[in-house]
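Student: Let me begin by handing over the structure; questions about it come next.
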Amino acid sequence: MDSGKLLGEFLQARRKLVTPDEIGLKHSGRRRTPGLRREEMAFLAGVSTDYYSRLEQGRERNPSDQVLAALARALDLDSEAAQHLYALAHPRARRDTPVSRMEPVSPMLLRLLRGWNHTPAMVLGRWMDVLAMNPIAEALYDGLKHNDNLIRMVFLNPESREFYADWEKIAYYKAAHLRAVAGTDPDDPFLPGLVEELSEESDEFRRLWARHDVHFKTHDAKQFRHRDVGELNLVYESFTVNSAPGQQLMIFQAEPGSETEKALAMLGGLSSINALVNDSLVPAPTLTPAPAMTPAKASATARRSGGRDLVESEAREISARRAMWQNAW
């Protein structure tokens, strides 16, 4: 992706979001487009209209830090958006092209997830691919289409509007996070395909993406509606995985003593039962005609058959316990 074009698109989108009233400009006739005019932006930033126009058109690629600071003030950018502006103007050196979009997760981090079993936890990639989950997180997102990528799940799965009680807020921040990450690595080969897919299939994503809002969200509260345990009010923290740039470890928590904490315990119990069921359902081997067996072989075969019957019996018992637990809840 052309970094000069990205800078111009960002300036143009943000200029259209600023109204004259917000910055104290007097009305100067009817406006055909929303936001500020180019000449007004140039005046506020202390540059010529021609120079500012070249910035928006991607023909001026080396604005000084002084000009960037003036543009940030004129656009009333917050700290994250201002950092994004600087990153677009001074892109980092091109990195090696990744061979796969799916990023490996370190064995130590996987071990940590396996040991973290009382609240949901997961590892996300730079484009919000779900790289790893602990069992209770798997139970939280179980059955939802596109749950292997959280931004695709939000915008491409209609059920997500029910799953997230505050869907509009989640959608805004997901699009803003993707835009922020995209600005740090415009050469990533997998971003255009993801943005194209989301833009073609979701009007809401296309609208939010055009705003060029940026936001790196590291902690917040989320409200879920789970089909088995009901409403969950969770807070989360995201931690950067220093050994794998772009990866984030996300851990959810509930308020101690709350109904959500009890619901999480229920969800954890269901995830444990699911794991037991999956482990117990050992498929029986394909039956083929066999030669006559000696008494010793017949005895061994009977023991194996009895073992399989026992496993299937345990599986039925576990399934019945799960149904009783859900009905009790």
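Simple scheme: letters A, B, ... for chains in structure tokens order, numbers from 1 for residues in each chain, numbers from 1 for ligands in the order shown.
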Can you list, as a count of residues only, all residues belonging to region 135-227 of chain A that DSSP tags as alpha helix (DSSP H)?
Tutor: 56
Student: Counting only C-alpha atoms, figure out which residue out of A:Ala72, A:Ala42, A:Ala171, A:Met250 gets nearest to Arg152 (chain A).
Tutor: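 For Arg152 (chain A), the nearest of the candidates is A:Ala171.
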Student: What's the 7 Å shell around Thr240 (chain A), counting only C-alpha atoms, without same-chain residues fewer than 3 positions away, as a list in words?
Tutor: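 Close residues of Thr240 (chain A): Gln247, Gln248 and Leu249 of chain A.
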Student: Take the selection from the previous step and output its residues with all heavy atoms, as an mmCIF file, in the first residue's frame.
Tutor:
data_model
loop_
_atom_site.group_PDB
_atom_site.id
_atom_site.type_symbol
_atom_site.label_atom_id
_atom_site.label_comp_id
_atom_site.auth_asym_id
_atom_site.auth_seq_id
_atom_site.Cartn_x
_atom_site.Cartn_y
_atom_site.Cartn_z
ATOM 1 N N GLN A 247 1.339 -9.615 18.260
ATOM 2 C CA GLN A 247 0.446 -10.476 19.031
ATOM 3 C C GLN A 247 0.056 -9.819 20.352
ATOM 4 O O GLN A 247 0.833 -9.082 20.946
ATOM 5 C CB GLN A 247 1.095 -11.834 19.302
ATOM 6 C CG GLN A 247 1.267 -12.694 18.075
ATOM 7 C CD GLN A 247 1.764 -14.090 18.404
ATOM 8 O OE1 GLN A 247 1.755 -14.523 19.560
ATOM 9 N NE2 GLN A 247 2.213 -14.809 17.378
ATOM 10 N N GLN A 248 -1.180 -10.125 20.780
ATOM 11 C CA GLN A 248 -1.701 -9.595 22.035
ATOM 12 C C GLN A 248 -2.294 -10.735 22.857
ATOM 13 O O GLN A 248 -3.011 -11.589 22.321
ATOM 14 C CB GLN A 248 -2.793 -8.555 21.774
ATOM 15 C CG GLN A 248 -2.339 -7.313 21.044
ATOM 16 C CD GLN A 248 -1.626 -6.338 21.971
ATOM 17 O OE1 GLN A 248 -2.014 -6.175 23.125
ATOM 18 N NE2 GLN A 248 -0.589 -5.697 21.459
ATOM 19 N N LEU A 249 -1.990 -10.728 24.148
ATOM 20 C CA LEU A 249 -2.628 -11.648 25.087
ATOM 21 C C LEU A 249 -3.773 -10.902 25.752
ATOM 22 O O LEU A 249 -3.565 -9.863 26.371
ATOM 23 C CB LEU A 249 -1.624 -12.129 26.139
ATOM 24 C CG LEU A 249 -2.206 -12.917 27.328
ATOM 25 C CD1 LEU A 249 -2.843 -14.218 26.858
ATOM 26 C CD2 LEU A 249 -1.128 -13.187 28.376
#
Student: Nearest to Ile251 (chain A): which of A:Leu144, A:Leu109, A:Val235, A:Leu156 is it, counting only C-alpha atoms?
Tutor: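 Checking each of A:Leu144, A:Leu109, A:Val235, A:Leu156 against Ile251 (chain A), counting only C-alpha atoms, the winner is A:Val235.
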Student: Between A:Ala210, A:Met266, A:Val105, A:Met153, single out the one closest to Gly246 (chain A), counting only C-alpha atoms.
Tutor: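 Residue with the minimum atom-to-atom distance to Gly246 (chain A): A:Val105.
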Student: Can you tell me which residues surround Tyr86 (chain A) at a distance of at most 12 Å, considering only C-alpha atoms, apart from same-chain residues fewer than 2 positions away, and format the answer as number ranges by chain?
Tutor: A: 3-4, 6-7, 10-11, 61-72, 77, 79-84, 88-92, 180, 183-184
Student: Provide the CA of Ala165 (chain A) to CA of Glu201 (chain A) distance in Å, to one decimal place.
Tutor: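 That distance, rounded to one decimal, is 21.9 Å.
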Student: Give the answer as one residue: which of A:Tyr141, A:Pro192, A:Phe224, A:Tyr236 has the shortest atom-to-atom distance to Trp167 (chain A), using only C-alpha atoms?
Tutor: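 Among the listed residues, A:Phe224 lies closest to Trp167 (chain A).
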Student: Sorted by chain and rising residue number, which residues of region 170-280 of chain A lie within 9 Å of region 12-21 of chain A, and what are their closest atom pairs and distances in Å to one decimal, counting only C-alpha atoms, as a tab-separated table?
Tutor:
residue	atom	partner	partner_atom	distance
A:Ala210	CA	A:Ala13	CA	6.9
A:Arg211	CA	A:Ala13	CA	5.7
A:His212	CA	A:Ala13	CA	6.3
A:Asp213	CA	A:Arg14	CA	8.1
Student: Those same residues, written as a short mmCIF file (atom, residue, chain, number, x, y, z; two decimals), in the first residue's frame with C-alpha atoms?
Tutor:
data_model
loop_
_atom_site.label_atom_id
_atom_site.label_comp_id
_atom_site.auth_asym_id
_atom_site.auth_seq_id
_atom_site.Cartn_x
_atom_site.Cartn_y
_atom_site.Cartn_z
CA ALA A 210 -13.87 5.61 5.64
CA ARG A 211 -13.70 7.74 8.81
CA HIS A 212 -10.02 6.81 9.39
CA ASP A 213 -10.53 6.75 13.16
#
Student: Between A:Glu259, A:Glu22, A:Asp129, A:Asp187, which one has atoms that come closest to Asp76 (chain A), using only C-alpha atoms?
Tutor: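 Checking each candidate against Asp76 (chain A), we get A:Glu22 as the closest.
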Student: Please measure the separation of CA of Gly35 (chain A) and CA of Glu56 (chain A), giving the value in Å to one decimal.
Tutor: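 CA of Glu56 (chain A) lies at a distance of 14.7 Å from CA of Gly35 (chain A).
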Student: Quick one: of A:Lys174, A:Arg38, A:His219, A:His118, who's nearest to Tyr52 (chain A), counting only C-alpha atoms?
Tutor: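 Nearest candidate to Tyr52 (chain A) out of A:Lys174, A:Arg38, A:His219, A:His118: A:Arg38.
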Student: Would you list, as a PyMOL selection string, the residues of region 154-282 of chain A that end up in strand (DSSP E or B) under DSSP run on this structure's backbone?
Tutor: chain A and resi 164+219-226+230-240+248-253
Student: If you count only C-alpha atoms, which residues fall within 12 Å of Leu110 (chain A), apart from same-chain ones fewer than 2 positions away, as JSON, numbers by chain?
Tutor: {"A": [104, 105, 106, 107, 108, 112, 113, 114, 115, 116, 121, 122, 123, 131, 132, 133, 134, 135, 249]}
Student: Please dump the current selection as a compact mmCIF listing (two decimals), in the first residue's frame; keep N, CA and C atoms.
Tutor:
# COMPACT_ATOMS: atom_id res chain seq x y z
N PRO A 104 2.60 -18.24 14.51
CA PRO A 104 2.79 -19.25 15.55
C PRO A 104 2.78 -18.62 16.94
N VAL A 105 2.27 -19.36 17.91
CA VAL A 105 2.24 -18.94 19.31
C VAL A 105 3.30 -19.74 20.05
N SER A 106 4.06 -19.07 20.90
CA SER A 106 5.16 -19.74 21.59
C SER A 106 4.63 -20.84 22.52
N PRO A 107 5.37 -21.94 22.66
CA PRO A 107 4.94 -23.02 23.56
C PRO A 107 4.73 -22.55 24.99
N MET A 108 5.56 -21.60 25.46
CA MET A 108 5.40 -21.11 26.83
C MET A 108 4.07 -20.38 27.00
N LEU A 112 0.85 -21.30 29.37
CA LEU A 112 0.19 -20.35 30.25
C LEU A 112 -1.33 -20.39 30.06
N LEU A 113 -1.78 -20.44 28.81
CA LEU A 113 -3.21 -20.50 28.54
C LEU A 113 -3.83 -21.77 29.11
N ARG A 114 -3.15 -22.89 28.97
CA ARG A 114 -3.69 -24.14 29.50
C ARG A 114 -3.84 -24.10 31.01
N GLY A 115 -2.95 -23.38 31.68
CA GLY A 115 -3.02 -23.27 33.12
C GLY A 115 -3.97 -22.21 33.62
N TRP A 116 -4.41 -21.32 32.74
CA TRP A 116 -5.32 -20.23 33.12
C TRP A 116 -6.74 -20.68 32.82
N ALA A 121 -9.27 -16.35 28.27
CA ALA A 121 -8.00 -15.76 27.84
C ALA A 121 -7.71 -16.25 26.43
N MET A 122 -7.09 -15.39 25.63
CA MET A 122 -6.79 -15.76 24.24
C MET A 122 -5.59 -14.96 23.74
N VAL A 123 -5.01 -15.44 22.66
CA VAL A 123 -3.93 -14.74 21.97
C VAL A 123 -4.44 -14.33 20.60
N LEU A 131 -5.42 -16.84 17.59
CA LEU A 131 -4.33 -17.79 17.45
C LEU A 131 -4.38 -18.90 18.49
N ALA A 132 -4.93 -18.61 19.65
CA ALA A 132 -5.02 -19.62 20.71
C ALA A 132 -6.05 -19.15 21.73
N MET A 133 -6.71 -20.12 22.38
CA MET A 133 -7.71 -19.84 23.41
C MET A 133 -7.59 -20.86 24.53
N ASN A 134 -7.94 -20.44 25.75
CA ASN A 134 -8.09 -21.45 26.79
C ASN A 134 -9.51 -22.03 26.71
N PRO A 135 -9.79 -23.15 27.38
CA PRO A 135 -11.10 -23.80 27.21
C PRO A 135 -12.30 -22.92 27.54
N LEU A 249 -1.99 -10.73 24.15
CA LEU A 249 -2.63 -11.65 25.09
C LEU A 249 -3.77 -10.90 25.75
